[in-house]
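Next comes model-v2.txt, with compact mmCIF, C-alpha atoms and all ligand atoms.
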# COMPACT_ATOMS: atom_id res chain seq x y z
CA MET A 209 116.15 108.48 -16.70
CA ASP A 210 116.53 112.18 -17.45
CA ARG A 211 120.09 111.94 -18.76
CA VAL A 212 119.27 114.54 -21.43
CA LYS A 213 116.29 116.22 -19.78
CA GLY A 214 115.68 119.75 -21.08
CA LYS A 215 117.67 119.21 -24.25
CA VAL A 216 116.30 119.44 -27.78
CA ALA A 217 117.84 116.96 -30.23
CA LEU A 218 117.60 116.89 -34.02
CA ILE A 219 118.27 113.50 -35.60
CA THR A 220 118.73 113.02 -39.34
CA GLY A 221 117.92 109.60 -40.76
CA GLY A 222 115.55 109.26 -37.82
CA ALA A 223 113.02 107.15 -39.73
CA SER A 224 115.13 104.02 -39.60
CA GLY A 225 117.88 102.01 -38.00
CA LEU A 226 120.37 103.81 -35.77
CA GLY A 227 118.64 107.20 -36.05
CA ARG A 228 115.28 105.75 -35.05
CA GLN A 229 116.67 103.94 -32.02
CA ALA A 230 118.63 107.03 -30.95
CA ALA A 231 115.40 109.07 -31.19
CA ARG A 232 113.63 106.59 -28.91
CA ARG A 233 116.42 106.45 -26.32
CA LEU A 234 116.98 110.22 -26.27
CA ALA A 235 113.24 110.79 -25.75
CA GLU A 236 113.16 108.16 -23.00
CA GLU A 237 115.99 110.05 -21.31
CA GLY A 238 114.05 113.30 -21.36
CA ALA A 239 114.94 115.03 -24.65
CA LEU A 240 112.53 116.64 -27.08
CA VAL A 241 113.34 115.12 -30.46
CA VAL A 242 113.09 116.44 -34.00
CA VAL A 243 113.15 113.47 -36.36
CA THR A 244 114.11 114.25 -39.94
CA ASP A 245 114.37 112.00 -42.99
CA LEU A 246 113.65 111.67 -46.69
CA ASN A 247 111.30 108.85 -45.69
CA GLU A 248 108.22 110.81 -44.64
CA VAL A 249 106.04 107.84 -43.67
CA GLY A 250 108.71 106.23 -41.52
CA GLY A 251 109.81 109.50 -39.95
CA ALA A 252 106.28 110.56 -39.08
CA ALA A 253 105.66 107.16 -37.45
CA VAL A 254 108.72 107.56 -35.21
CA ALA A 255 107.69 111.08 -34.18
CA GLU A 256 104.18 109.82 -33.43
CA GLU A 257 105.64 107.10 -31.20
CA LEU A 258 107.36 109.85 -29.20
CA GLY A 259 104.10 111.77 -28.62
CA ASP A 260 104.51 115.35 -27.44
CA SER A 261 108.29 114.84 -27.28
CA GLY A 262 108.55 114.27 -31.05
CA LEU A 263 108.30 116.28 -34.24
CA PHE A 264 108.88 115.04 -37.78
CA VAL A 265 110.20 117.31 -40.52
CA ALA A 266 110.84 116.07 -44.07
CA HIS A 267 114.47 116.64 -44.96
CA ASP A 268 116.99 115.92 -47.68
CA VAL A 269 120.35 116.36 -45.92
CA THR A 270 122.08 117.18 -49.21
CA LYS A 271 120.04 120.38 -49.64
CA GLU A 272 121.16 123.51 -47.80
CA THR A 273 117.70 125.10 -48.02
CA ASP A 274 116.26 122.04 -46.28
CA TRP A 275 118.77 122.46 -43.44
CA VAL A 276 117.75 126.08 -42.91
CA ARG A 277 114.07 125.05 -42.80
CA VAL A 278 114.61 122.07 -40.50
CA VAL A 279 116.73 123.96 -37.97
CA GLN A 280 114.17 126.77 -37.93
CA ALA A 281 111.36 124.24 -37.39
CA SER A 282 113.22 122.91 -34.33
CA LEU A 283 113.57 126.40 -32.89
CA ASP A 284 109.93 127.25 -33.67
CA GLN A 285 108.56 124.07 -32.11
CA PHE A 286 110.83 123.60 -29.10
CA GLY A 287 112.55 126.99 -28.66
CA ARG A 288 116.16 125.81 -28.79
CA LEU A 289 118.56 123.23 -30.18
CA ASP A 290 121.17 121.41 -28.08
CA VAL A 291 122.00 118.18 -29.86
CA LEU A 292 122.44 117.27 -33.51
CA VAL A 293 122.83 113.62 -34.52
CA ASN A 294 123.89 113.23 -38.15
CA SER A 295 122.78 109.66 -38.82
CA ALA A 296 121.34 109.86 -42.37
CA GLY A 297 123.59 107.90 -44.67
CA VAL A 298 123.80 105.56 -47.61
CA GLY A 299 125.96 102.51 -48.25
CA ASN A 300 127.76 101.44 -51.40
CA MET A 301 129.80 98.31 -52.04
CA ASN A 302 132.05 98.89 -55.02
CA THR A 303 135.75 98.83 -55.70
CA VAL A 304 137.40 101.96 -57.01
CA GLU A 305 137.30 100.41 -60.51
CA ASP A 306 133.61 99.51 -60.39
CA CYS A 307 132.26 102.63 -58.66
CA SER A 308 130.68 105.02 -61.17
CA LEU A 309 131.18 108.75 -60.79
CA GLU A 310 127.43 109.09 -60.17
CA GLU A 311 127.57 106.58 -57.29
CA TRP A 312 130.65 108.28 -55.86
CA LYS A 313 128.96 111.67 -55.97
CA HIS A 314 125.77 110.35 -54.40
CA VAL A 315 127.58 108.70 -51.48
CA MET A 316 129.81 111.73 -50.92
CA SER A 317 126.80 114.00 -51.13
CA VAL A 318 124.63 112.23 -48.52
CA ASN A 319 127.40 111.02 -46.18
CA GLY A 320 129.75 113.98 -46.65
CA ASP A 321 127.85 117.12 -47.72
CA GLY A 322 124.95 116.16 -45.44
CA VAL A 323 127.15 116.09 -42.33
CA PHE A 324 129.01 119.27 -43.35
CA LEU A 325 125.74 121.17 -43.83
CA GLY A 326 124.39 119.78 -40.57
CA CYS A 327 127.41 120.97 -38.59
CA LYS A 328 127.40 124.35 -40.32
CA HIS A 329 123.73 125.11 -39.69
CA GLY A 330 123.44 123.17 -36.44
CA ILE A 331 126.17 125.21 -34.75
CA GLY A 332 124.36 128.45 -35.61
CA ALA A 333 121.27 127.33 -33.72
CA ILE A 334 122.95 125.45 -30.87
CA LYS A 335 125.29 128.31 -29.93
CA ARG A 336 122.34 130.57 -29.12
CA THR A 337 121.85 128.74 -25.81
CA SER A 338 124.83 126.41 -25.30
CA THR A 339 126.67 128.70 -22.87
CA GLU A 340 123.68 129.11 -20.55
CA PRO A 341 124.23 127.60 -17.08
CA GLY A 342 123.71 123.83 -17.17
CA ALA A 343 123.44 123.77 -20.95
CA GLY A 344 125.92 122.33 -23.44
CA GLY A 345 125.75 121.53 -27.13
CA SER A 346 126.71 118.24 -28.72
CA ILE A 347 127.04 117.19 -32.34
CA VAL A 348 127.26 113.46 -32.94
CA ASN A 349 128.37 112.42 -36.41
CA ILE A 350 127.78 108.81 -37.37
CA SER A 351 130.86 107.64 -39.26
CA SER A 352 131.71 103.93 -39.33
CA VAL A 353 134.59 101.52 -38.77
CA ALA A 354 134.88 102.19 -42.50
CA GLY A 355 136.01 105.68 -41.50
CA LEU A 356 138.97 104.08 -39.70
CA ILE A 357 139.97 101.07 -41.79
CA GLY A 358 139.71 100.35 -45.50
CA GLY A 359 137.80 97.70 -47.40
CA HIS A 360 138.65 96.63 -50.96
CA ASN A 361 135.04 97.17 -52.09
CA LEU A 362 134.17 100.28 -50.08
CA ALA A 363 135.84 103.01 -52.15
CA SER A 364 133.19 105.74 -51.89
CA TYR A 365 131.90 104.63 -48.46
CA ASN A 366 135.44 104.59 -46.97
CA ALA A 367 136.14 108.04 -48.42
CA SER A 368 132.88 109.53 -47.17
CA LYS A 369 133.19 108.10 -43.64
CA GLY A 370 136.85 109.13 -43.41
CA ALA A 371 135.72 112.65 -44.32
CA VAL A 372 133.18 112.57 -41.49
CA ARG A 373 135.89 111.52 -39.03
CA LEU A 374 138.19 114.45 -39.79
CA LEU A 375 135.44 117.02 -40.34
CA THR A 376 134.33 116.13 -36.82
CA LYS A 377 137.75 117.03 -35.41
CA SER A 378 137.80 120.34 -37.28
CA VAL A 379 134.32 121.22 -36.00
CA ALA A 380 135.31 120.23 -32.45
CA LEU A 381 138.41 122.43 -32.50
CA HIS A 382 136.55 125.37 -34.05
CA CYS A 383 133.79 125.23 -31.44
CA ALA A 384 136.31 124.90 -28.59
CA ARG A 385 138.33 127.83 -29.89
CA GLN A 386 135.22 129.98 -30.18
CA GLY A 387 134.13 129.08 -26.63
CA TYR A 388 130.73 127.89 -27.85
CA ASN A 389 130.45 125.01 -25.36
CA ILE A 390 129.53 122.75 -28.27
CA ARG A 391 131.29 119.40 -28.50
CA CYS A 392 131.55 117.29 -31.65
CA ASN A 393 132.41 113.59 -31.77
CA SER A 394 132.24 110.83 -34.37
CA VAL A 395 130.74 107.37 -33.79
CA HIS A 396 132.25 104.34 -35.52
CA PRO A 397 129.94 101.31 -35.56
CA THR A 398 130.62 98.04 -37.29
CA PHE A 399 127.79 95.87 -38.71
CA ILE A 400 124.59 96.65 -36.84
CA ASP A 401 121.29 94.94 -37.57
CA THR A 402 119.45 97.82 -39.27
CA PRO A 403 117.63 97.92 -42.64
CA MET A 404 120.92 99.03 -44.28
CA VAL A 405 122.72 95.83 -43.27
CA ARG A 406 119.61 93.60 -43.32
CA SER A 407 118.97 94.43 -47.00
CA MET A 408 122.56 93.50 -47.83
CA ILE A 409 122.09 90.14 -46.02
CA ASP A 410 118.64 89.42 -47.40
CA ASN A 411 119.60 90.26 -51.00
CA ALA A 412 122.48 87.78 -50.98
CA ASP A 413 122.11 84.35 -52.64
CA ASP A 414 122.63 82.67 -49.26
CA PRO A 415 121.56 85.15 -46.52
CA ALA A 416 122.39 82.83 -43.62
CA ARG A 417 125.92 82.30 -44.90
CA VAL A 418 126.44 86.06 -45.36
CA GLU A 419 125.20 86.80 -41.83
CA GLN A 420 127.54 84.14 -40.40
CA LYS A 421 130.40 85.60 -42.44
CA LEU A 422 129.75 89.09 -41.04
CA ALA A 423 129.53 87.72 -37.51
CA ARG A 424 132.83 85.84 -37.91
CA GLN A 425 134.58 89.15 -38.69
CA VAL A 426 133.54 90.55 -35.29
CA PRO A 427 135.72 89.31 -32.39
CA ILE A 428 132.71 89.38 -30.04
CA GLY A 429 131.10 86.87 -32.45
CA HIS A 430 127.91 88.53 -33.67
CA ILE A 431 126.71 91.68 -35.38
CA GLY A 432 125.45 94.51 -33.18
CA GLU A 433 121.95 95.78 -32.42
CA PRO A 434 120.77 99.41 -32.75
CA ASP A 435 120.82 99.91 -28.96
CA ASP A 436 124.56 99.23 -28.93
CA ILE A 437 124.93 102.54 -30.77
CA ALA A 438 121.89 104.40 -29.39
CA TRP A 439 123.18 104.28 -25.81
CA GLY A 440 126.52 105.63 -26.99
CA ILE A 441 124.68 108.50 -28.67
CA VAL A 442 122.79 109.23 -25.43
CA TYR A 443 126.12 109.41 -23.60
CA LEU A 444 127.65 111.75 -26.20
CA ALA A 445 124.53 113.93 -26.25
CA SER A 446 124.41 114.25 -22.47
CA ASN A 447 126.59 116.39 -20.21
CA GLU A 448 128.09 113.12 -18.88
CA SER A 449 130.55 113.38 -21.78
CA LYS A 450 131.27 117.10 -21.22
CA PHE A 451 135.07 116.70 -21.48
CA MET A 452 134.91 114.67 -24.69
CA THR A 453 135.28 116.39 -28.05
CA GLY A 454 136.93 115.62 -31.38
CA ALA A 455 137.03 111.97 -30.33
CA GLU A 456 136.24 108.72 -32.09
CA PHE A 457 133.63 106.67 -30.23
CA VAL A 458 134.29 103.17 -31.57
CA VAL A 459 131.55 100.54 -31.07
CA ASP A 460 132.72 97.63 -33.18
CA GLY A 461 132.78 94.39 -31.18
CA GLY A 462 136.58 94.53 -31.30
CA ILE A 463 137.15 94.71 -35.08
CA THR A 464 139.62 97.59 -34.96
CA ALA A 465 141.50 96.03 -32.04
CA MET A 466 142.87 93.37 -34.40
N1 LIG B 501 124.05 99.67 -39.79
C1 LIG B 501 125.36 99.58 -39.80
O1 LIG B 501 125.92 98.49 -39.75
C2 LIG B 501 126.22 100.80 -39.83
C3 LIG B 501 127.57 100.65 -39.54
C4 LIG B 501 128.38 101.76 -39.57
C5 LIG B 501 127.85 103.00 -39.86
N2 LIG B 501 126.52 103.12 -40.15
C6 LIG B 501 126.01 104.44 -40.47
O2 LIG B 501 124.96 104.71 -39.60
C7 LIG B 501 124.06 105.64 -40.21
C8 LIG B 501 122.64 105.09 -40.10
O3 LIG B 501 122.59 103.89 -40.84
P1 LIG B 501 121.45 102.80 -40.60
O4 LIG B 501 122.13 101.50 -40.48
O5 LIG B 501 120.53 103.26 -39.55
O6 LIG B 501 120.77 102.82 -42.03
P2 LIG B 501 119.22 102.92 -42.46
O7 LIG B 501 119.23 102.69 -43.92
O8 LIG B 501 118.40 102.05 -41.58
O9 LIG B 501 118.84 104.45 -42.13
C9 LIG B 501 119.38 105.50 -42.88
C10 LIG B 501 118.32 106.57 -43.00
O10 LIG B 501 118.89 107.68 -43.72
C11 LIG B 501 117.89 108.20 -44.57
N3 LIG B 501 118.47 108.96 -45.67
C12 LIG B 501 119.18 108.49 -46.73
N4 LIG B 501 119.50 109.50 -47.56
C13 LIG B 501 118.99 110.63 -47.00
C14 LIG B 501 118.99 112.00 -47.38
N5 LIG B 501 119.57 112.43 -48.52
N6 LIG B 501 118.39 112.90 -46.56
C15 LIG B 501 117.78 112.50 -45.42
N7 LIG B 501 117.72 111.21 -45.03
C16 LIG B 501 118.33 110.28 -45.81
C17 LIG B 501 117.12 106.97 -45.06
O11 LIG B 501 115.83 107.32 -45.54
C18 LIG B 501 117.08 106.13 -43.79
O12 LIG B 501 115.91 106.36 -43.04
C19 LIG B 501 124.55 105.82 -41.63
O13 LIG B 501 125.30 107.01 -41.72
C20 LIG B 501 125.44 104.62 -41.85
O14 LIG B 501 126.41 104.84 -42.84
C21 LIG B 501 125.70 102.05 -40.13
Show the structure stored in the file as structure tokens.
Ligand SMILES: NC(=O)c1ccc[n+]([C@@H]2O[C@H](COP(=O)([O-])OP(=O)(O)OC[C@H]3O[C@@H](n4cnc5c(N)ncnc54)[C@H](O)[C@@H]3O)[C@@H](O)[C@H]2O)c1
Amino acid sequence: MDRVKGKVALITGGASGLGRQAARRLAEEGALVVVTDLNEVGGAAVAEELGDSGLFVAHDVTKETDWVRVVQASLDQFGRLDVLVNSAGVGNMNTVEDCSLEEWKHVMSVNGDGVFLGCKHGIGAIKRTSTEPGAGGSIVNISSVAGLIGGHNLASYNASKGAVRLLTKSVALHCARQGYNIRCNSVHPTFIDTPMVRSMIDNADDPARVEQKLARQVPIGHIGEPDDIAWGIVYLASNESKFMTGAEFVVDGGITAM
């Protein structure tokens, strides 16, 4: 209880999956939460679930004008911004030979440009209050194990998540150097049971076989659940992690230990 009390958090991709669960857990732990997403129906439903602690703002993370509007809406509604969780993202399973330039650009735009714009505009708002006594800013960028290790059919996804990993370190070092008291860390999940992964399983010819195959790749023996990541996000958002910046928070059931 109250691990992030008094903080205002903005979560992109908050209508679904990891973003939605992070919104719920952050609100439970005392944060006021701005949920943003392209999916207006889903995002509004999550904000409604959070009651007075939630606000939904429609948002395309690839558009800089949207970022300016969304950050301003957070300040107007809740008076400050402390935490930014960049969770909006898209998947793509293609080899370098099969990936079209349009697909590549789309994945890089949502997963790469979206996180860059979030950090750029998020810092501007967070630094207004992050050096106040007891305060502290935190940017949490959702990368992937695919930002750490390659896959033969993940050309654009690997590239975009690798970009998130190193952008995070640059942002962390910049904020530290400027004395902003804003930390920035990347999160690296493996397969988690969200609509992104569920649609991949359900669209396969033999969904049960695909789910078993995914589970077999995880040393712990099963795919993860959204809370496995959401609690990590709560930790990174809170002052409990105040000495942690530029780090890779790996939650992968042991995949990268092999
Ligand atoms: N689920 C996993 O196994 C897994 C593993 C590693 C990393 N990730 C990453 O976690 C993040 C969340 O994924 P998820 O599993 O919750 O997926 P999801 O599909 O359930 O949720 C992603 C959300 O992002 C939103 N979105 C997509 N494009 C957008 C845009 N241009 N602007 C604003 N919102 C947009 C979607 O509407 C959706 O609500 C992604 O960055 C994903 O790459 C997921």
At a cut-off of 7 Å, can you tabulate as a Markdown table every residue of chain A near ligand LIG 501 (chain B) together with its closest atom pair and the distance in Å to one decimal, using all atoms listed in the file and ordering rows by chain then number?
| residue | atom | partner | partner_atom | distance |
| --- | --- | --- | --- | --- |
| A:Thr220 | CA | B:LIG501 | N7 | 6.1 |
| A:Gly221 | CA | B:LIG501 | O10 | 3.7 |
| A:Gly222 | CA | B:LIG501 | O12 | 6.0 |
| A:Ala223 | CA | B:LIG501 | O12 | 4.5 |
| A:Ser224 | CA | B:LIG501 | O12 | 4.2 |
| A:Gly225 | CA | B:LIG501 | O5 | 3.3 |
| A:Leu226 | CA | B:LIG501 | O5 | 3.8 |
| A:Gly227 | CA | B:LIG501 | O5 | 5.6 |
| A:Thr244 | CA | B:LIG501 | C15 | 6.8 |
| A:Asp245 | CA | B:LIG501 | N7 | 4.0 |
| A:Leu246 | CA | B:LIG501 | C15 | 4.4 |
| A:Asn247 | CA | B:LIG501 | O11 | 4.8 |
| A:His267 | CA | B:LIG501 | C15 | 5.3 |
| A:Asp268 | CA | B:LIG501 | N6 | 3.5 |
| A:Val269 | CA | B:LIG501 | N6 | 4.0 |
| A:Thr270 | CA | B:LIG501 | N5 | 5.4 |
| A:Ser295 | CA | B:LIG501 | C7 | 4.4 |
| A:Ala296 | CA | B:LIG501 | O10 | 3.5 |
| A:Gly297 | CA | B:LIG501 | O13 | 3.5 |
| A:Val298 | CA | B:LIG501 | O14 | 5.5 |
| A:Gly299 | CA | B:LIG501 | O14 | 5.9 |
| A:Val318 | CA | B:LIG501 | N5 | 5.1 |
| A:Asn319 | CA | B:LIG501 | O13 | 6.4 |
| A:Ile350 | CA | B:LIG501 | O13 | 5.3 |
| A:Ser351 | CA | B:LIG501 | C5 | 5.6 |
| A:Ser352 | CA | B:LIG501 | C4 | 4.0 |
| A:Val353 | CA | B:LIG501 | C4 | 6.3 |
| A:His396 | CA | B:LIG501 | C4 | 6.2 |
| A:Pro397 | CA | B:LIG501 | C4 | 4.3 |
| A:Thr398 | CA | B:LIG501 | C3 | 4.6 |
| A:Phe399 | CA | B:LIG501 | O1 | 3.4 |
| A:Ile400 | CA | B:LIG501 | O1 | 3.7 |
| A:Asp401 | CA | B:LIG501 | N1 | 5.9 |
| A:Thr402 | CA | B:LIG501 | O4 | 4.7 |
| A:Pro403 | CA | B:LIG501 | O8 | 4.3 |
| A:Met404 | CA | B:LIG501 | O7 | 4.0 |
| A:Val405 | CA | B:LIG501 | N1 | 5.4 |
Practice prompt. Go ahead and find all residues with at least one atom no further than 12 Å from (131.3, 112.6, -40.2) in the file's coordinates, using all atoms listed in the file; report them as a PyMOL selection string.
Written response: chain A and resi 293-297+316-327+347-356+365-380+392-396+454-457
Practice prompt. Could you please determine the separation between atom CA of Leu444 of chain A and atom CA of Lys213 of chain A in Å, to one decimal place?
Written response: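 The value is 13.8 Å.
Each of A:Leu362, A:Met452, A:Val243, A:Leu422 was compared to Asn389 of chain A using all atoms listed in the file, and A:Met452 turns out to be the nearest.
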Item to complete: One decimal, Å: what's the distance from atom CA of Arg233 of chain A over to atom CA of Lys271 of chain A, could you say?
Response: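 One can read the atom CA of Arg233 of chain A to atom CA of Lys271 of chain A distance as 27.4 Å.
The space between atom CA of Arg385 of chain A and atom CA of Glu272 of chain A spans 25.2 Å.
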Worksheet item: Restricting the calculation to only C-alpha atoms, which member of A:Ala384, A:Val459, A:Met301, A:Ile331 is positioned closest to Ile441 of chain A?
Response: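 Counting only C-alpha atoms, the residue closest to Ile441 of chain A is A:Val459.
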Worksheet item: Hey, what's within 9 Å of Tyr443 of chain A if we count all atoms listed in the file and toss same-chain stuff fewer than 5 positions away? As an MDAnalysis selection string, please?
Response: chainID A and resid 211:212 438 448:449
Serialized selection, C-alpha atoms, as a compact mmCIF listing (two decimals), keeping the file's coordinate frame:
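The new file out_15.txt reads:
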# COMPACT_ATOMS: atom_id res chain seq x y z
CA ARG A 211 120.09 111.94 -18.76
CA VAL A 212 119.27 114.54 -21.43
CA ALA A 438 121.89 104.40 -29.39
CA GLU A 448 128.09 113.12 -18.88
CA SER A 449 130.55 113.38 -21.78
Worksheet entry | Shortest interatomic distance to Ala333 of chain A - which of A:Trp275, A:Trp439, A:Phe264, A:Trp312, counting all atoms listed in the file | A:Trp275
Discussion item. Set the distance at 9 Å and use all atoms listed in the file: which residues neighbour Ala217 of chain A once local chain neighbours fewer than 4 positions away are removed? I'd like the list as a PyMOL selection string.
Written reply: chain A and resi 231+234-235+239-243+282+289-293+445
